[in-house]
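Next up, run.pdb (PDB, C-alpha atoms, pLDDT in the B column):
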ATOM      1  CA  ALA A 586      -1.267  16.077   9.982  1.00 87.00           C
ATOM      2  CA  ILE A 587      -4.600  16.578  11.652  1.00 94.00           C
ATOM      3  CA  ILE A 588      -7.078  17.721   9.018  1.00 95.00           C
ATOM      4  CA  ASN A 589     -10.827  18.043   8.730  1.00 97.00           C
ATOM      5  CA  SER A 590     -12.851  16.369   5.982  1.00 94.00           C
ATOM      6  CA  GLN A 591     -13.306  19.570   3.984  1.00 96.00           C
ATOM      7  CA  ASP A 592      -9.581  20.328   3.968  1.00 95.00           C
ATOM      8  CA  GLU A 593      -8.870  16.737   2.986  1.00 94.00           C
ATOM      9  CA  ALA A 594     -11.359  16.888   0.105  1.00 95.00           C
ATOM     10  CA  ASP A 595     -10.394  20.360  -1.102  1.00 96.00           C
ATOM     11  CA  THR A 596      -6.634  20.430  -0.489  1.00 95.00           C
ATOM     12  CA  TYR A 597      -5.055  17.014  -0.068  1.00 93.00           C
ATOM     13  CA  LEU A 598      -6.951  14.469  -2.153  1.00 95.00           C
ATOM     14  CA  PRO A 599      -7.407  16.291  -5.503  1.00 97.00           C
ATOM     15  CA  ALA A 600      -3.746  15.959  -6.520  1.00 95.00           C
ATOM     16  CA  PHE A 601      -3.725  12.228  -5.794  1.00 95.00           C
ATOM     17  CA  HIS A 602      -7.083  11.778  -7.509  1.00 97.00           C
ATOM     18  CA  SER A 603      -5.717  13.521 -10.596  1.00 97.00           C
ATOM     19  CA  CYS A 604      -2.613  11.314 -10.686  1.00 96.00           C
ATOM     20  CA  VAL A 605      -4.675   8.134 -10.456  1.00 96.00           C
ATOM     21  CA  VAL A 606      -7.560   9.092 -12.730  1.00 97.00           C
ATOM     22  CA  ASN A 607      -6.030  11.493 -15.263  1.00 97.00           C
ATOM     23  CA  GLY A 608      -2.424  10.309 -15.116  1.00 97.00           C
ATOM     24  CA  LYS A 609      -3.368   6.625 -14.951  1.00 96.00           C
ATOM     25  CA  ALA A 610      -0.699   5.983 -12.317  1.00 96.00           C
ATOM     26  CA  THR A 611       0.493   2.411 -12.050  1.00 95.00           C
ATOM     27  CA  SER A 612       2.238   2.762  -8.715  1.00 97.00           C
ATOM     28  CA  MET A 613       1.956   4.855  -5.591  1.00 97.00           C
ATOM     29  CA  MET A 614       4.053   5.226  -2.470  1.00 97.00           C
ATOM     30  CA  CYS A 615       2.849   5.511   1.098  1.00 97.00           C
ATOM     31  CA  SER A 616       5.069   7.725   3.201  1.00 95.00           C
ATOM     32  CA  TYR A 617       6.356   8.330   6.726  1.00 96.00           C
ATOM     33  CA  ASN A 618       3.666  10.756   7.853  1.00 95.00           C
ATOM     34  CA  SER A 619       0.279  10.119   9.395  1.00 96.00           C
ATOM     35  CA  VAL A 620      -3.107  11.601   8.638  1.00 94.00           C
ATOM     36  CA  ASN A 621      -5.385  12.074  11.623  1.00 96.00           C
ATOM     37  CA  GLY A 622      -3.307   9.648  13.675  1.00 96.00           C
ATOM     38  CA  ILE A 623      -3.159   6.859  11.085  1.00 98.00           C
ATOM     39  CA  PRO A 624       0.260   6.265   9.494  1.00 98.00           C
ATOM     40  CA  SER A 625       0.093   6.549   5.700  1.00 97.00           C
ATOM     41  CA  CYS A 626       1.171   2.945   5.116  1.00 98.00           C
ATOM     42  CA  ALA A 627      -1.596   1.693   7.419  1.00 98.00           C
ATOM     43  CA  ASN A 628      -4.278   3.995   6.035  1.00 98.00           C
ATOM     44  CA  LYS A 629      -6.877   1.721   4.433  1.00 97.00           C
ATOM     45  CA  ARG A 630      -9.220   4.633   3.816  1.00 96.00           C
ATOM     46  CA  ILE A 631      -6.750   6.388   1.524  1.00 96.00           C
ATOM     47  CA  MET A 632      -5.102   3.427  -0.205  1.00 97.00           C
ATOM     48  CA  ASN A 633      -8.026   1.028  -0.605  1.00 96.00           C
ATOM     49  CA  ASP A 634     -11.213   3.037  -0.171  1.00 97.00           C
ATOM     50  CA  PHE A 635     -10.211   6.129  -2.149  1.00 97.00           C
ATOM     51  CA  ALA A 636      -7.414   5.021  -4.511  1.00 97.00           C
ATOM     52  CA  ARG A 637      -8.574   1.526  -5.374  1.00 97.00           C
ATOM     53  CA  GLY A 638     -12.269   1.832  -4.614  1.00 97.00           C
ATOM     54  CA  GLN A 639     -13.453   5.267  -5.705  1.00 97.00           C
ATOM     55  CA  TRP A 640     -10.703   6.199  -8.181  1.00 98.00           C
ATOM     56  CA  GLY A 641     -10.152   2.808  -9.827  1.00 97.00           C
ATOM     57  CA  PHE A 642      -6.415   2.503  -9.096  1.00 97.00           C
ATOM     58  CA  GLU A 643      -5.193  -0.814 -10.523  1.00 96.00           C
ATOM     59  CA  GLY A 644      -1.508  -0.655  -9.691  1.00 97.00           C
ATOM     60  CA  TYR A 645       0.634  -1.461  -6.704  1.00 98.00           C
ATOM     61  CA  ILE A 646       1.512   0.551  -3.620  1.00 98.00           C
ATOM     62  CA  THR A 647       4.999   0.425  -2.172  1.00 98.00           C
ATOM     63  CA  SER A 648       6.180   1.977   1.044  1.00 98.00           C
ATOM     64  CA  ASP A 649       8.747   4.700   1.285  1.00 97.00           C
ATOM     65  CA  CYS A 650      11.966   3.035   2.447  1.00 96.00           C
ATOM     66  CA  GLY A 651      11.634   2.511   6.175  1.00 96.00           C
ATOM     67  CA  ALA A 652       8.045   3.784   6.408  1.00 98.00           C
ATOM     68  CA  VAL A 653       6.635   0.421   7.526  1.00 98.00           C
ATOM     69  CA  SER A 654       9.156   0.288  10.334  1.00 97.00           C
ATOM     70  CA  ASP A 655       7.992   3.789  11.298  1.00 97.00           C
ATOM     71  CA  VAL A 656       4.406   2.545  11.617  1.00 98.00           C
ATOM     72  CA  HIS A 657       5.681   0.359  14.444  1.00 97.00           C
ATOM     73  CA  SER A 658       8.600   2.281  15.943  1.00 96.00           C
ATOM     74  CA  SER A 659       8.096   6.014  15.368  1.00 96.00           C
ATOM     75  CA  HIS A 660       4.293   6.151  15.334  1.00 97.00           C
ATOM     76  CA  GLY A 661       3.817   3.371  17.883  1.00 96.00           C
ATOM     77  CA  TYR A 662       0.674   2.492  15.960  1.00 97.00           C
ATOM     78  CA  ALA A 663       0.824  -1.287  16.445  1.00 98.00           C
ATOM     79  CA  ASP A 664       3.091  -4.073  17.620  1.00 98.00           C
ATOM     80  CA  ALA A 665       5.272  -5.781  15.010  1.00 98.00           C
ATOM     81  CA  ASP A 666       2.781  -8.577  14.254  1.00 98.00           C
ATOM     82  CA  HIS A 667      -0.137  -6.204  13.775  1.00 98.00           C
ATOM     83  CA  THR A 668       1.942  -3.715  11.792  1.00 98.00           C
ATOM     84  CA  CYS A 669       2.475  -6.443   9.184  1.00 98.00           C
ATOM     85  CA  LYS A 670      -1.241  -7.155   9.033  1.00 98.00           C
ATOM     86  CA  ASP A 671      -2.273  -3.484   9.158  1.00 98.00           C
ATOM     87  CA  VAL A 672      -0.125  -2.349   6.225  1.00 98.00           C
ATOM     88  CA  LEU A 673      -1.089  -5.286   4.008  1.00 98.00           C
ATOM     89  CA  GLU A 674      -4.762  -5.007   4.916  1.00 97.00           C
ATOM     90  CA  ALA A 675      -4.623  -1.252   4.246  1.00 98.00           C
ATOM     91  CA  GLY A 676      -3.457  -1.869   0.687  1.00 97.00           C
ATOM     92  CA  MET A 677       0.328  -1.621   0.745  1.00 98.00           C
ATOM     93  CA  ASP A 678       1.820  -4.233  -1.562  1.00 98.00           C
ATOM     94  CA  SER A 679       5.584  -3.856  -1.273  1.00 97.00           C
ATOM     95  CA  ASP A 680       7.813  -2.845   1.629  1.00 98.00           C
ATOM     96  CA  CYS A 681      10.831  -0.770   0.579  1.00 96.00           C
ATOM     97  CA  GLY A 682      12.678  -1.665   3.716  1.00 94.00           C
ATOM     98  CA  GLY A 683      13.210  -4.717   5.838  1.00 96.00           C
ATOM     99  CA  PHE A 684      10.267  -4.652   8.214  1.00 98.00           C
ATOM    100  CA  LEU A 685       8.099  -7.272   6.489  1.00 98.00           C
ATOM    101  CA  HIS A 686      11.168  -9.354   5.710  1.00 97.00           C
ATOM    102  CA  ASN A 687      12.109  -9.357   9.392  1.00 98.00           C
ATOM    103  CA  ASN A 688       8.628  -9.672  10.957  1.00 98.00           C
ATOM    104  CA  LEU A 689       6.114 -11.240   8.567  1.00 97.00           C
ATOM    105  CA  ASN A 690       6.911 -14.881   9.405  1.00 97.00           C
ATOM    106  CA  ASN A 691       6.313 -14.243  13.115  1.00 98.00           C
ATOM    107  CA  SER A 692       3.060 -12.455  12.326  1.00 98.00           C
ATOM    108  CA  ILE A 693       1.914 -15.451  10.275  1.00 97.00           C
ATOM    109  CA  ASN A 694       3.057 -17.940  12.927  1.00 97.00           C
ATOM    110  CA  HIS A 695       1.160 -15.956  15.588  1.00 98.00           C
ATOM    111  CA  ASN A 696      -1.995 -16.171  13.407  1.00 97.00           C
ATOM    112  CA  VAL A 697      -2.197 -12.404  12.962  1.00 98.00           C
ATOM    113  CA  THR A 698      -1.393 -12.007   9.261  1.00 97.00           C
ATOM    114  CA  THR A 699      -3.216 -14.430   6.968  1.00 95.00           C
ATOM    115  CA  GLU A 700      -2.701 -15.777   3.488  1.00 93.00           C
ATOM    116  CA  ASP A 701      -5.572 -13.560   2.312  1.00 93.00           C
ATOM    117  CA  ASP A 702      -3.730 -10.487   3.624  1.00 93.00           C
ATOM    118  CA  MET A 703      -0.743 -11.386   1.470  1.00 95.00           C
ATOM    119  CA  ASN A 704      -2.650 -12.581  -1.612  1.00 96.00           C
ATOM    120  CA  ALA A 705      -4.034  -9.146  -2.458  1.00 95.00           C
ATOM    121  CA  ALA A 706      -0.526  -7.665  -2.435  1.00 97.00           C
ATOM    122  CA  VAL A 707       0.851 -10.439  -4.637  1.00 97.00           C
ATOM    123  CA  GLU A 708      -2.067 -10.079  -7.063  1.00 97.00           C
ATOM    124  CA  HIS A 709      -1.480  -6.312  -7.398  1.00 97.00           C
ATOM    125  CA  LEU A 710       2.250  -6.787  -8.013  1.00 97.00           C
ATOM    126  CA  PHE A 711       1.809  -9.544 -10.584  1.00 97.00           C
ATOM    127  CA  ALA A 712      -1.049  -7.769 -12.379  1.00 96.00           C
ATOM    128  CA  VAL A 713       1.250  -4.853 -13.198  1.00 95.00           C
ATOM    129  CA  GLN A 714       4.005  -7.192 -14.359  1.00 94.00           C
ATOM    130  CA  ILE A 715       1.550  -9.075 -16.580  1.00 94.00           C
ATOM    131  CA  ARG A 716       0.278  -5.808 -18.094  1.00 92.00           C
ATOM    132  CA  LEU A 717       3.893  -4.884 -18.836  1.00 90.00           C
ATOM    133  CA  GLY A 718       4.364  -8.186 -20.676  1.00 90.00           C
ATOM    134  CA  MET A 719       7.022  -9.459 -18.308  1.00 90.00           C
ATOM    135  CA  PHE A 720       5.771 -13.044 -18.686  1.00 92.00           C
ATOM    136  CA  ASP A 721       5.396 -12.868 -22.456  1.00 93.00           C
ATOM    137  CA  PRO A 722       7.925 -14.660 -24.661  1.00 93.00           C
ATOM    138  CA  VAL A 723      11.200 -12.714 -24.782  1.00 89.00           C
ATOM    139  CA  ASN A 724      11.006 -12.177 -28.544  1.00 89.00           C
ATOM    140  CA  SER A 725       7.646 -10.409 -28.223  1.00 86.00           C
ATOM    141  CA  GLN A 726       8.739  -7.993 -25.468  1.00 79.00           C
ATOM    142  CA  PRO A 727       9.353  -4.448 -26.699  1.00 75.00           C
ATOM    143  CA  TYR A 728      12.152  -3.799 -24.178  1.00 70.00           C
TER     144      TYR A 728
END

Translate the structure of the given file into structure tokens.
Amino acid sequence: AIINSQDEADTYLPAFHSCVVNGKATSMMCSYNSVNGIPSCANKRIMNDFARGQWGFEGYITSDCGAVSDVHSSHGYADADHTCKDVLEAGMDSDCGGFLHNNLNNSINHNVTTEDDMNAAVEHLFAVQIRLGMFDPVNSQPY
């Protein structure tokens, strides 16, 4: 979609803002589409600046299954190494698909993706699990 800033603010973002702020969402999913030429899973402005920064989102963001591969193949947004870095740097924490599994080691070995790029994703994923009590003693877990 190609949208102007007013349409984004008035039409697209309010529903997501409401889910994060009012619904206290714990997870979000980036999708196959792009907004103004930036694939959703590589869109730092939406995932980090708006969701995490302005709205206080404290959960994790997973990709739609195959959406990270689309950043590279369908959108042609970046080569495989930079797709790994771009999606992690943009705020995506989990790849529902095989793209990171198949390409992340090469991206690291080529000095494109760094440990810092991956640490934020791991921190977001573990923070949710800790809040859920998944590391608490079994006898104190309510599920």

| message | My list of candidates is A:Ile715, A:Cys626, A:Leu689, A:Met613. Which is closest to Gly651 (chain A) when distances are computed with only C-alpha atoms? | response |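 Of all the options, A:Cys626 lies closest to Gly651 (chain A).
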
| field | Gap from CA of Thr611 (chain A) to CA of Val656 (chain A) - Å, one decimal | value |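 Separating CA of Thr611 (chain A) from CA of Val656 (chain A) is a distance of 24.0 Å.
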
| message | For a test of reading the model, state the distance in Å between CA of Asp678 (chain A) and CA of Asp702 (chain A), rounded to one decimal. | response | 9.8 Å

| request: Output the residue selection produced by the PyMOL selection byres ((chain A and resi 595-603) around 12) on the file above, formatted as a PyMOL selection string. | output: chain A and resi 586-594+604-610+612-615+620+630-632+635-642

| request: Could you check which of A:Ser659, A:Asn694, A:Asn704, A:Ser648 is closest to Ala627 (chain A), using all atoms listed in the file? | output: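 Among A:Ser659, A:Asn694, A:Asn704, A:Ser648, it is A:Ser648 that comes nearest to Ala627 (chain A).
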
| said: I'd like the contact shell of His660 (chain A) - 9 Å cut-off, all atoms listed in the file, skipping same-chain residues fewer than 4 positions apart - returned as a VMD selection string. | reply: chain A and resid 618 to 619 622 to 624 655 to 656

| said: So, with only C-alpha atoms as the atoms that count, which of A:Asn724, A:Met703, A:Asn690, A:Phe711 lies closest to Asp671 (chain A)? | reply: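 So, comparing all the options, the nearest one is A:Met703.
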
| request: State, in Å with one decimal place, the distance from CA of Ala706 (chain A) to CA of Gly661 (chain A). | output: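 That distance, rounded to one decimal, is 23.5 Å.
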
As an mmCIF file, in the coordinates of the input, could you write out region 659-673 of chain A once it has been completed with N, CA, C and O atoms?
data_model
loop_
_atom_site.group_PDB
_atom_site.id
_atom_site.type_symbol
_atom_site.label_atom_id
_atom_site.label_comp_id
_atom_site.auth_asym_id
_atom_site.auth_seq_id
_atom_site.Cartn_x
_atom_site.Cartn_y
_atom_site.Cartn_z
ATOM 1 N N SER A 659 8.262 4.570 15.169
ATOM 2 C CA SER A 659 8.096 6.014 15.368
ATOM 3 C C SER A 659 6.667 6.399 15.745
ATOM 4 O O SER A 659 6.459 7.221 16.627
ATOM 5 N N HIS A 660 5.693 5.821 15.047
ATOM 6 C CA HIS A 660 4.293 6.151 15.334
ATOM 7 C C HIS A 660 3.748 5.379 16.529
ATOM 8 O O HIS A 660 2.776 5.807 17.152
ATOM 9 N N GLY A 661 4.332 4.209 16.804
ATOM 10 C CA GLY A 661 3.817 3.371 17.883
ATOM 11 C C GLY A 661 2.385 2.941 17.635
ATOM 12 O O GLY A 661 1.599 2.733 18.547
ATOM 13 N N TYR A 662 2.056 2.775 16.355
ATOM 14 C CA TYR A 662 0.674 2.492 15.960
ATOM 15 C C TYR A 662 0.247 1.072 16.323
ATOM 16 O O TYR A 662 -0.898 0.846 16.695
ATOM 17 N N ALA A 663 1.160 0.113 16.175
ATOM 18 C CA ALA A 663 0.824 -1.287 16.445
ATOM 19 C C ALA A 663 2.098 -2.054 16.768
ATOM 20 O O ALA A 663 3.197 -1.604 16.436
ATOM 21 N N ASP A 664 1.929 -3.220 17.400
ATOM 22 C CA ASP A 664 3.091 -4.073 17.620
ATOM 23 C C ASP A 664 3.547 -4.630 16.272
ATOM 24 O O ASP A 664 2.895 -4.438 15.248
ATOM 25 N N ALA A 665 4.686 -5.313 16.270
ATOM 26 C CA ALA A 665 5.272 -5.781 15.010
ATOM 27 C C ALA A 665 4.329 -6.708 14.241
ATOM 28 O O ALA A 665 4.172 -6.567 13.019
ATOM 29 N N ASP A 666 3.689 -7.651 14.933
ATOM 30 C CA ASP A 666 2.781 -8.577 14.254
ATOM 31 C C ASP A 666 1.624 -7.841 13.586
ATOM 32 O O ASP A 666 1.278 -8.107 12.434
ATOM 33 N N HIS A 667 1.015 -6.922 14.314
ATOM 34 C CA HIS A 667 -0.137 -6.204 13.775
ATOM 35 C C HIS A 667 0.254 -5.145 12.760
ATOM 36 O O HIS A 667 -0.543 -4.808 11.878
ATOM 37 N N THR A 668 1.474 -4.634 12.831
ATOM 38 C CA THR A 668 1.942 -3.715 11.792
ATOM 39 C C THR A 668 1.974 -4.432 10.453
ATOM 40 O O THR A 668 1.523 -3.882 9.443
ATOM 41 N N CYS A 669 2.465 -5.663 10.428
ATOM 42 C CA CYS A 669 2.475 -6.443 9.184
ATOM 43 C C CYS A 669 1.066 -6.572 8.620
ATOM 44 O O CYS A 669 0.816 -6.314 7.437
ATOM 45 N N LYS A 670 0.143 -6.982 9.473
ATOM 46 C CA LYS A 670 -1.241 -7.155 9.033
ATOM 47 C C LYS A 670 -1.855 -5.822 8.612
ATOM 48 O O LYS A 670 -2.503 -5.729 7.568
ATOM 49 N N ASP A 671 -1.644 -4.782 9.422
ATOM 50 C CA ASP A 671 -2.273 -3.484 9.158
ATOM 51 C C ASP A 671 -1.861 -2.902 7.817
ATOM 52 O O ASP A 671 -2.703 -2.403 7.072
ATOM 53 N N VAL A 672 -0.565 -2.960 7.482
ATOM 54 C CA VAL A 672 -0.125 -2.349 6.225
ATOM 55 C C VAL A 672 -0.604 -3.153 5.017
ATOM 56 O O VAL A 672 -0.999 -2.569 4.004
ATOM 57 N N LEU A 673 -0.601 -4.475 5.118
ATOM 58 C CA LEU A 673 -1.089 -5.286 4.008
ATOM 59 C C LEU A 673 -2.598 -5.131 3.849
ATOM 60 O O LEU A 673 -3.109 -4.980 2.734
#
